[in-house]
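Printed here is final_0.tsv (TSV, C-alpha atoms and all ligand atoms):
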```tsv
chain	number	residue	atom	x	y	z
A	1	MET	CA	22.55	-21.37	36.86
A	2	SER	CA	19.53	-23.42	35.76
A	3	ASP	CA	21.48	-24.52	32.63
A	4	MET	CA	24.13	-26.17	34.77
A	5	THR	CA	24.69	-29.86	34.27
A	6	LEU	CA	24.29	-32.19	37.23
A	7	GLU	CA	28.09	-32.56	37.32
A	8	LYS	CA	28.48	-28.81	37.77
A	9	LYS	CA	25.78	-28.76	40.44
A	10	ILE	CA	27.54	-31.55	42.33
A	11	GLU	CA	30.82	-29.62	42.12
A	12	ALA	CA	29.11	-26.43	43.36
A	13	THR	CA	27.53	-28.32	46.27
A	14	GLU	CA	30.88	-29.89	47.16
A	15	ALA	CA	32.54	-26.47	47.08
A	16	ILE	CA	29.94	-25.05	49.47
A	17	LEU	CA	30.34	-27.99	51.83
A	18	LEU	CA	34.12	-27.83	51.65
A	19	GLU	CA	33.91	-24.19	52.66
A	20	VAL	CA	31.79	-25.22	55.67
A	21	ALA	CA	34.19	-28.03	56.53
A	22	THR	CA	37.19	-25.72	56.53
A	23	SER	CA	35.55	-22.85	58.41
A	24	ALA	CA	33.43	-24.60	61.06
A	25	ALA	CA	34.27	-26.96	63.90
A	26	PRO	CA	33.25	-30.41	62.57
A	27	GLY	CA	31.01	-31.13	65.57
A	28	ALA	CA	29.18	-27.82	65.18
A	29	VAL	CA	27.76	-28.67	61.77
A	30	GLN	CA	24.39	-30.40	61.65
A	31	VAL	CA	22.40	-31.66	58.68
A	32	ALA	CA	18.67	-30.93	58.93
A	33	TRP	CA	17.73	-34.42	57.85
A	34	THR	CA	14.21	-35.76	57.38
A	35	GLY	CA	15.10	-39.02	55.64
A	36	GLY	CA	13.62	-37.40	52.53
A	37	LYS	CA	15.20	-37.56	49.08
A	38	ASP	CA	16.77	-34.08	49.17
A	39	SER	CA	18.37	-33.93	52.60
A	40	THR	CA	19.63	-37.49	52.11
A	41	VAL	CA	21.63	-36.23	49.10
A	42	VAL	CA	23.07	-33.44	51.29
A	43	LEU	CA	23.87	-35.94	54.03
A	44	PHE	CA	25.60	-38.23	51.52
A	45	ILE	CA	27.80	-35.49	50.04
A	46	TRP	CA	28.56	-33.97	53.46
A	47	ARG	CA	29.55	-37.40	54.70
A	48	ALA	CA	31.93	-37.81	51.75
A	49	VAL	CA	33.47	-34.37	52.38
A	50	MET	CA	33.91	-35.20	56.07
A	51	ALA	CA	35.39	-38.64	55.33
A	52	HIS	CA	37.76	-37.21	52.71
A	53	GLY	CA	39.09	-34.69	55.20
A	54	GLY	CA	39.36	-37.32	57.96
A	55	ARG	CA	36.93	-35.26	60.01
A	56	GLY	CA	34.89	-38.09	61.53
A	57	SER	CA	31.22	-38.95	61.41
A	58	VAL	CA	28.40	-36.61	60.42
A	59	ARG	CA	25.85	-35.10	62.74
A	60	ALA	CA	22.18	-34.55	61.93
A	61	ILE	CA	19.05	-33.13	63.53
A	62	ASN	CA	15.67	-34.66	62.82
A	63	LEU	CA	12.53	-32.89	63.97
A	64	ASP	CA	10.19	-35.66	64.91
A	65	THR	CA	6.79	-34.03	65.30
A	66	GLY	CA	5.16	-37.28	66.39
A	67	CYS	CA	3.03	-37.32	63.24
A	68	LYS	CA	5.56	-38.40	60.65
A	69	PHE	CA	4.94	-41.44	58.44
A	70	THR	CA	6.12	-44.63	60.16
A	71	GLU	CA	7.92	-45.54	56.93
A	72	ILE	CA	10.12	-42.44	57.00
A	73	ILE	CA	10.93	-42.93	60.69
A	74	ALA	CA	11.95	-46.54	60.02
A	75	PHE	CA	14.04	-45.44	57.03
A	76	ARG	CA	15.69	-42.66	59.08
A	77	ASP	CA	16.62	-45.06	61.86
A	78	ARG	CA	17.95	-47.72	59.49
A	79	LEU	CA	20.09	-45.30	57.48
A	80	ALA	CA	21.39	-43.51	60.57
A	81	VAL	CA	22.91	-46.80	61.70
A	82	GLU	CA	24.16	-47.77	58.22
A	83	TRP	CA	25.81	-44.39	57.63
A	84	ASP	CA	26.98	-43.92	61.22
A	85	VAL	CA	25.07	-40.66	61.64
A	86	ASP	CA	25.29	-38.96	65.03
A	87	LEU	CA	21.56	-38.22	65.07
A	88	THR	CA	19.70	-35.86	67.37
A	89	ILE	CA	15.96	-36.40	67.34
A	90	ALA	CA	14.21	-33.24	68.48
A	91	ARG	CA	10.63	-33.57	69.68
A	92	PRO	CA	8.07	-30.91	70.63
A	93	ASN	CA	7.18	-30.53	74.25
A	94	ILE	CA	3.49	-31.06	73.51
A	95	VAL	CA	0.89	-33.76	74.11
A	96	LEU	CA	-0.35	-34.53	70.60
A	97	LYS	CA	-3.54	-36.28	71.71
A	98	ASP	CA	-5.41	-33.02	72.27
A	99	TYR	CA	-3.40	-30.85	69.88
A	100	PRO	CA	-5.23	-29.17	66.94
A	101	LEU	CA	-2.92	-30.64	64.30
A	102	ALA	CA	-2.66	-28.63	61.06
A	103	VAL	CA	-5.62	-26.40	61.96
A	104	ASP	CA	-3.47	-23.28	61.90
A	105	PRO	CA	-0.37	-24.11	59.85
A	106	VAL	CA	1.71	-21.28	61.32
A	107	SER	CA	1.18	-22.16	64.97
A	108	CYS	CA	1.34	-25.91	64.24
A	109	CYS	CA	4.67	-25.71	62.38
A	110	ARG	CA	6.00	-23.19	64.90
A	111	GLU	CA	5.21	-25.33	67.94
A	112	LEU	CA	5.96	-28.73	66.43
A	113	LYS	CA	8.99	-27.83	64.31
A	114	VAL	CA	10.44	-24.31	64.63
A	115	GLU	CA	10.68	-24.24	68.44
A	116	PRO	CA	12.17	-27.76	68.72
A	117	LEU	CA	14.61	-26.83	65.92
A	118	GLN	CA	15.76	-23.71	67.76
A	119	GLN	CA	16.15	-25.70	70.97
A	120	ALA	CA	18.14	-28.41	69.20
A	121	ILE	CA	20.48	-25.85	67.60
A	122	ARG	CA	21.10	-24.42	71.07
A	123	ASP	CA	21.49	-27.81	72.79
A	124	GLN	CA	23.89	-29.10	70.14
A	125	ALA	CA	25.81	-25.80	69.97
A	126	ALA	CA	25.41	-25.92	66.20
A	127	THR	CA	26.93	-23.07	64.23
A	128	HIS	CA	25.90	-24.40	60.79
A	129	LEU	CA	22.72	-26.15	59.70
A	130	LEU	CA	22.76	-27.82	56.26
A	131	THR	CA	19.37	-28.10	54.59
A	132	GLY	CA	17.86	-29.89	51.59
A	133	ILE	CA	15.77	-26.99	50.30
A	134	ARG	CA	15.67	-26.32	46.52
A	135	ARG	CA	14.77	-23.12	44.69
A	136	ASP	CA	12.41	-24.77	42.22
A	137	GLU	CA	10.21	-26.48	44.82
A	138	HIS	CA	8.44	-23.34	46.04
A	139	PRO	CA	8.22	-19.70	44.84
A	140	ASP	CA	9.23	-18.53	48.32
A	141	ARG	CA	12.46	-20.52	48.00
A	142	ALA	CA	13.41	-18.99	44.64
A	143	GLY	CA	15.31	-16.13	46.24
A	144	ARG	CA	17.02	-18.12	48.99
A	145	LYS	CA	20.80	-17.89	49.39
A	146	GLU	CA	23.43	-20.58	49.88
A	147	PHE	CA	24.61	-19.03	53.16
A	148	GLU	CA	22.02	-17.31	55.38
A	149	VAL	CA	22.97	-15.79	58.69
A	150	ARG	CA	20.24	-16.53	61.19
A	151	THR	CA	19.52	-15.44	64.74
A	152	ARG	CA	17.35	-17.06	67.46
A	153	PRO	CA	19.82	-18.72	68.00
A	154	ASP	CA	22.81	-17.47	66.02
A	155	HIS	CA	23.80	-19.89	63.28
A	156	VAL	CA	24.34	-20.07	59.53
A	157	MET	CA	21.73	-21.88	57.51
A	158	VAL	CA	23.55	-23.46	54.58
A	159	ASN	CA	21.50	-24.45	51.54
A	160	PRO	CA	23.90	-26.39	49.29
A	161	ILE	CA	21.46	-27.84	46.74
A	162	LEU	CA	19.38	-24.76	45.93
A	163	GLU	CA	20.01	-25.15	42.18
A	164	TRP	CA	19.09	-28.82	42.01
A	165	THR	CA	15.82	-29.96	40.45
A	166	GLU	CA	13.70	-32.92	41.47
A	167	MET	CA	15.11	-34.72	38.41
A	168	ASP	CA	18.71	-33.98	39.53
A	169	ILE	CA	17.93	-35.45	42.93
A	170	TRP	CA	16.68	-38.72	41.48
A	171	ALA	CA	19.50	-38.86	38.91
A	172	PHE	CA	21.99	-38.51	41.77
A	173	HIS	CA	20.18	-41.17	43.81
A	174	SER	CA	20.35	-43.53	40.89
A	175	ARG	CA	24.00	-42.78	40.05
A	176	PHE	CA	25.19	-43.43	43.59
A	177	ASN	CA	22.59	-46.05	44.41
A	178	LEU	CA	21.34	-44.13	47.44
A	179	PRO	CA	18.67	-45.78	49.56
A	180	PHE	CA	15.32	-43.98	49.76
A	181	CYS	CA	12.07	-44.31	51.66
A	182	GLU	CA	9.56	-46.71	50.14
A	183	LEU	CA	6.85	-44.00	50.17
A	184	TYR	CA	8.37	-42.54	47.00
A	185	GLU	CA	7.73	-45.84	45.23
A	186	ARG	CA	4.11	-45.55	46.28
A	187	GLY	CA	3.68	-42.20	44.52
A	188	TYR	CA	4.62	-39.61	47.13
A	189	ARG	CA	7.00	-36.94	45.82
A	190	SER	CA	7.40	-34.58	48.79
A	191	LEU	CA	7.12	-35.86	52.33
A	192	GLY	CA	5.99	-33.77	55.27
A	193	CYS	CA	3.97	-34.65	58.35
A	194	GLN	CA	1.30	-37.25	57.73
A	195	PRO	CA	-1.76	-34.99	58.32
A	196	CYS	CA	-0.35	-32.48	55.79
A	197	THR	CA	0.84	-34.86	53.06
A	198	THR	CA	-0.99	-36.74	50.31
A	199	LYS	CA	0.08	-38.20	46.98
A	200	PRO	CA	0.09	-35.66	44.15
A	201	GLY	CA	-2.17	-36.42	41.20
A	202	GLU	CA	-0.90	-37.53	37.79
A	203	GLY	CA	1.09	-34.71	36.15
A	204	ALA	CA	0.67	-32.44	39.17
A	205	GLU	CA	3.48	-30.42	40.72
A	206	GLU	CA	5.96	-31.98	43.13
A	207	ARG	CA	4.52	-30.27	46.22
A	208	SER	CA	0.88	-30.43	45.21
A	209	GLY	CA	0.38	-33.20	47.76
A	210	ARG	CA	1.52	-30.91	50.58
A	211	ASP	CA	-1.06	-28.99	52.60
A	212	GLN	CA	-1.78	-25.93	50.48
A	213	ALA	CA	-2.69	-23.76	53.48
A	214	LYS	CA	0.85	-24.35	54.73
A	215	GLU	CA	2.32	-23.75	51.28
A	216	ARG	CA	0.77	-20.26	51.37
A	217	VAL	CA	2.48	-19.33	54.64
A	218	MET	CA	5.98	-20.58	53.81
A	219	GLU	CA	7.47	-17.07	53.87
A	220	THR	CA	6.04	-16.46	57.36
A	221	LEU	CA	7.41	-19.78	58.59
A	222	THR	CA	10.86	-19.02	57.16
A	223	SER	CA	10.82	-15.62	58.88
A	224	LEU	CA	10.11	-17.42	62.18
A	225	GLY	CA	13.26	-19.52	61.78
A	226	TYR	CA	12.00	-22.36	59.62
A	227	PHE	CA	13.66	-23.75	56.48
B	301	LIG	N1	11.25	-32.53	60.31
B	301	LIG	C1	12.44	-32.11	59.81
B	301	LIG	N2	13.60	-32.54	60.36
B	301	LIG	C2	14.79	-32.14	59.86
B	301	LIG	N3	14.90	-31.34	58.78
B	301	LIG	C3	13.78	-30.88	58.21
B	301	LIG	C4	12.49	-31.23	58.70
B	301	LIG	N4	11.56	-30.64	57.89
B	301	LIG	C5	12.24	-29.96	56.94
B	301	LIG	N5	13.57	-30.11	57.11
B	301	LIG	C6	14.67	-29.58	56.27
B	301	LIG	O1	14.10	-28.73	55.25
B	301	LIG	C7	14.22	-29.39	53.97
B	301	LIG	C8	13.00	-29.10	53.14
B	301	LIG	O2	11.89	-29.76	53.71
B	301	LIG	P1	10.43	-29.45	53.28
B	301	LIG	O3	10.40	-28.92	51.88
B	301	LIG	O4	9.58	-30.62	53.60
B	301	LIG	O5	10.10	-28.25	54.24
B	301	LIG	S1	8.67	-27.79	54.59
B	301	LIG	O6	8.20	-28.68	55.66
B	301	LIG	O7	7.81	-27.84	53.46
B	301	LIG	O8	8.83	-26.42	55.02
B	301	LIG	C9	14.40	-30.84	54.33
B	301	LIG	O9	14.94	-31.64	53.28
B	301	LIG	P2	14.01	-32.81	52.57
B	301	LIG	O10	12.96	-33.26	53.52
B	301	LIG	O11	14.90	-33.91	52.22
B	301	LIG	O12	13.42	-32.13	51.37
B	301	LIG	C10	15.32	-30.73	55.51
B	301	LIG	O13	16.63	-30.35	55.14
```
As structure tokens, how would this structure be written, given the file I've shared?
Ligand SMILES: Nc1ncnc2c1ncn2[C@@H]1O[C@H](COP(=O)(O)OS(=O)(=O)O)[C@@H](OP(=O)(O)O)[C@H]1O
Amino acid sequence: MSDMTLEKKIEATEAILLEVATSAAPGAVQVAWTGGKDSTVVLFIWRAVMAHGGRGSVRAINLDTGCKFTEIIAFRDRLAVEWDVDLTIARPNIVLKDYPLAVDPVSCCRELKVEPLQQAIRDQAATHLLTGIRRDEHPDRAGRKEFEVRTRPDHVMVNPILEWTEMDIWAFHSRFNLPFCELYERGYRSLGCQPCTTKPGEGAEERSGRDQAKERVMETLTSLGYF
């Protein structure tokens, strides 16, 4: 699979999304969209599949922890309008002022992201959640599947760009002239919450700017219902 050309990867992604479009109620499919480079590609292709089938506008869930970069929030809001995204912004039911942000990555991600995500899936009656995760970005994502049946609540997590590399993502952005958040131009390569994200050093890995304590507990977070 890793020898596939970008064209073949695009075709494979379209085939996965077409399968979702033909098997799910259009309003029950949500893109887990951060405004980041990967989920924006998924949103773009999903939008094209929906438009082609005359299925209406796309829906997306954004987990706004309250500590995202202002630049990504502004980008999200601008693109949501431009692309006519029916956007649900899910927020944690927590007062951040006294919250021990990032001290324990499992409880922080669980309370700020996993629980609001589960609530949003319930509230929106989503049956399918499309994500922007890629196999090559983290060892714990290497074995992920395109279609994952999840519980708490019941839904299918669909991962349509698992085979894509960081290079594929940017090649696609450039080919289709996709807009992207200005933080990438400033040297960020993987965007999470602000307290857990820095710029990677020269020649370092894509996610080296992400909080490494969190990187070590990715499998636990996924088992709790996270991406
Ligand atoms: N806050 C929020 N809101 C909505 N969707 C989200 C969120 N965090 C993660 N995701 C989904 O998971 C994809 C991978 O994100 P990350 O690699 O940043 O995940 S992680 O935070 O490191 O676990 C991510 O795609 P990209 O952010 O484009 O890589 C989304 O599909």
So that I can check the surroundings of A:Ile169, please list as a PyMOL selection string every protein, DNA and RNA residue that reaches within 9 Å of it, counting all atoms listed in the file and ignoring chain neighbours fewer than 5 positions away. chain A and resi 37-38+41+164+174
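Once all atoms listed in the file are used for the distance check, the residues close to ligand LIG 301 (chain B) at 7 Å turn out to be Val31, Ala32, Trp33, Thr34, Gly35, Gly36, Lys37, Asp38, Ser39, Thr40, Ile61, Asn62, Leu63, Asp64, Thr65, Lys113, Leu130, Thr131, Gly132, Ile133, Ser190, Leu191, Gly192, Met218, Tyr226 and Phe227 of chain A.
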Atom CA of A:Thr151 to atom CA of A:Lys9: how many Å, to one decimal? 28.4 Å
Rounded to one decimal in Å, what is the spacing between atom CA of A:Thr5 and atom CA of A:Phe44?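 These atoms are spaced 19.2 Å apart.
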Report as lines of an AutoDock Vina configuration file the centre and the edge lengths, in Å to one decimal, of the axis-aligned box holding every listed atom of stretch 109-119 of chain A, padded by 4 Å on each side.
```
center_x = 10.4
center_y = -26.0
center_z = 66.7
size_x = 19.5
size_y = 13.5
size_z = 16.6
```
Distance atom CA of A:His155-atom CA of A:His128, one decimal place? 5.6 Å
Which residue, A:Pro26, A:Gly225, A:Pro100, A:Pro116, has the smallest gap to A:Gly56 when you use all atoms listed in the file? A:Pro26
For the interface of stretch 102-217 of chain A with stretch 70-82 of chain A (cut-off 8 Å, counting only C-alpha atoms), please tabulate each contacting residue of stretch 102-217 of chain A alongside its nearest pair of atoms and their separation in Å to one decimal, rows sorted by chain and increasing number, as CSV.
```
residue,atom,partner,partner_atom,distance
A:Phe180,CA,A:Phe75,CA,7.5
A:Cys181,CA,A:Phe75,CA,5.8
A:Glu182,CA,A:Glu71,CA,7.1
A:Leu183,CA,A:Glu71,CA,7.0
```
With all atoms listed in the file as the counted atoms, please give the residues lying no more than 8 Å from stretch 14-16 of chain A, apart from itself and same-chain residues fewer than 4 positions off, as number ranges by chain. A: 10, 20, 45-46, 49, 146, 160
When distances are computed from all atoms listed in the file, which of A:Val158, A:His138, A:Trp170, A:Phe69 shows the smallest separation from A:Leu18?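 Smallest distance to A:Leu18 is found for A:Val158.
Counting only C-alpha atoms and comparing A:Val42, A:Leu129, A:Val106, A:Ile121, the residue that lies closest to A:Thr222 is A:Val106.
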Ranking A:Lys8, A:Lys214, A:Arg55, A:Lys68 by minimum distance to A:Thr22 and counting all atoms listed in the file, which one comes first?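 The shortest atom-to-atom distance to A:Thr22 comes from A:Arg55.
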Calculated over all atoms listed in the file, which of the candidates A:Tyr188, A:Glu137, A:Thr127, A:Pro92 has the smallest distance to A:Arg110?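 Closest candidate: A:Pro92.
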My list of candidates is A:Pro105, A:Pro179, A:Gly53, A:Gly66. Which is closest to A:Arg210 when distances are computed with all atoms listed in the file? A:Pro105
Assuming the input is short of atoms at stretch 76-106 of chain A, produce N, CA and C atoms for that part as a JSON list (two decimals), in the frame of the given file.
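Output file out01.json follows:
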```json
[["chain", "number", "residue", "atom", "x", "y", "z"],
["A", 76, "ARG", "N", 14.73, -43.52, 58.37],
["A", 76, "ARG", "CA", 15.69, -42.66, 59.08],
["A", 76, "ARG", "C", 16.55, -43.49, 60.04],
["A", 77, "ASP", "N", 15.89, -44.31, 60.84],
["A", 77, "ASP", "CA", 16.62, -45.06, 61.86],
["A", 77, "ASP", "C", 17.57, -46.11, 61.26],
["A", 78, "ARG", "N", 17.10, -46.71, 60.15],
["A", 78, "ARG", "CA", 17.95, -47.72, 59.49],
["A", 78, "ARG", "C", 19.19, -47.05, 58.88],
["A", 79, "LEU", "N", 18.97, -45.95, 58.16],
["A", 79, "LEU", "CA", 20.09, -45.30, 57.48],
["A", 79, "LEU", "C", 21.05, -44.63, 58.47],
["A", 80, "ALA", "N", 20.52, -44.14, 59.57],
["A", 80, "ALA", "CA", 21.39, -43.51, 60.57],
["A", 80, "ALA", "C", 22.43, -44.52, 61.07],
["A", 81, "VAL", "N", 21.98, -45.76, 61.24],
["A", 81, "VAL", "CA", 22.91, -46.80, 61.70],
["A", 81, "VAL", "C", 23.89, -47.14, 60.58],
["A", 82, "GLU", "N", 23.32, -47.38, 59.37],
["A", 82, "GLU", "CA", 24.16, -47.77, 58.22],
["A", 82, "GLU", "C", 25.23, -46.74, 57.91],
["A", 83, "TRP", "N", 24.87, -45.46, 58.00],
["A", 83, "TRP", "CA", 25.81, -44.39, 57.63],
["A", 83, "TRP", "C", 26.51, -43.77, 58.85],
["A", 84, "ASP", "N", 26.32, -44.39, 60.00],
["A", 84, "ASP", "CA", 26.98, -43.92, 61.22],
["A", 84, "ASP", "C", 26.73, -42.42, 61.47],
["A", 85, "VAL", "N", 25.45, -42.06, 61.44],
["A", 85, "VAL", "CA", 25.07, -40.66, 61.64],
["A", 85, "VAL", "C", 24.87, -40.42, 63.14],
["A", 86, "ASP", "N", 25.50, -39.38, 63.64],
["A", 86, "ASP", "CA", 25.29, -38.96, 65.03],
["A", 86, "ASP", "C", 23.99, -38.13, 65.03],
["A", 87, "LEU", "N", 22.89, -38.81, 65.31],
["A", 87, "LEU", "CA", 21.56, -38.22, 65.07],
["A", 87, "LEU", "C", 20.91, -37.70, 66.35],
["A", 88, "THR", "N", 20.49, -36.44, 66.28],
["A", 88, "THR", "CA", 19.70, -35.86, 67.37],
["A", 88, "THR", "C", 18.25, -35.83, 66.92],
["A", 89, "ILE", "N", 17.39, -36.45, 67.68],
["A", 89, "ILE", "CA", 15.96, -36.40, 67.34],
["A", 89, "ILE", "C", 15.30, -35.40, 68.28],
["A", 90, "ALA", "N", 14.82, -34.31, 67.68],
["A", 90, "ALA", "CA", 14.21, -33.24, 68.48],
["A", 90, "ALA", "C", 12.69, -33.39, 68.44],
["A", 91, "ARG", "N", 12.09, -33.38, 69.61],
["A", 91, "ARG", "CA", 10.63, -33.57, 69.68],
["A", 91, "ARG", "C", 9.99, -32.36, 70.35],
["A", 92, "PRO", "N", 8.75, -32.03, 69.96],
["A", 92, "PRO", "CA", 8.07, -30.91, 70.63],
["A", 92, "PRO", "C", 7.65, -31.29, 72.04],
["A", 93, "ASN", "N", 7.58, -30.29, 72.88],
["A", 93, "ASN", "CA", 7.18, -30.53, 74.25],
["A", 93, "ASN", "C", 5.66, -30.37, 74.36],
["A", 94, "ILE", "N", 4.94, -31.23, 73.66],
["A", 94, "ILE", "CA", 3.49, -31.06, 73.51],
["A", 94, "ILE", "C", 2.82, -32.43, 73.52],
["A", 95, "VAL", "N", 1.65, -32.50, 74.14],
["A", 95, "VAL", "CA", 0.89, -33.76, 74.11],
["A", 95, "VAL", "C", 0.02, -33.72, 72.85],
["A", 96, "LEU", "N", 0.32, -34.61, 71.90],
["A", 96, "LEU", "CA", -0.35, -34.53, 70.60],
["A", 96, "LEU", "C", -1.83, -34.93, 70.65],
["A", 97, "LYS", "N", -2.17, -35.73, 71.65],
["A", 97, "LYS", "CA", -3.54, -36.28, 71.71],
["A", 97, "LYS", "C", -4.61, -35.18, 71.60],
["A", 98, "ASP", "N", -4.41, -34.08, 72.29],
["A", 98, "ASP", "CA", -5.41, -33.02, 72.27],
["A", 98, "ASP", "C", -4.98, -31.82, 71.42],
["A", 99, "TYR", "N", -3.95, -32.00, 70.61],
["A", 99, "TYR", "CA", -3.40, -30.85, 69.88],
["A", 99, "TYR", "C", -4.16, -30.66, 68.55],
["A", 100, "PRO", "N", -4.50, -29.41, 68.21],
["A", 100, "PRO", "CA", -5.23, -29.17, 66.94],
["A", 100, "PRO", "C", -4.28, -29.23, 65.73],
["A", 101, "LEU", "N", -3.90, -30.45, 65.37],
["A", 101, "LEU", "CA", -2.92, -30.64, 64.30],
["A", 101, "LEU", "C", -3.36, -30.00, 62.99],
["A", 102, "ALA", "N", -2.46, -29.20, 62.41],
["A", 102, "ALA", "CA", -2.66, -28.63, 61.06],
["A", 102, "ALA", "C", -3.83, -27.66, 60.95],
["A", 103, "VAL", "N", -4.47, -27.32, 62.05],
["A", 103, "VAL", "CA", -5.62, -26.40, 61.96],
["A", 103, "VAL", "C", -5.12, -25.02, 61.57],
["A", 104, "ASP", "N", -4.12, -24.54, 62.28],
["A", 104, "ASP", "CA", -3.47, -23.28, 61.90],
["A", 104, "ASP", "C", -2.02, -23.64, 61.55],
["A", 105, "PRO", "N", -1.69, -23.61, 60.25],
["A", 105, "PRO", "CA", -0.37, -24.11, 59.85],
["A", 105, "PRO", "C", 0.79, -23.34, 60.47],
["A", 106, "VAL", "N", 0.60, -22.05, 60.75],
["A", 106, "VAL", "CA", 1.71, -21.28, 61.32],
["A", 106, "VAL", "C", 1.97, -21.73, 62.75]]
```
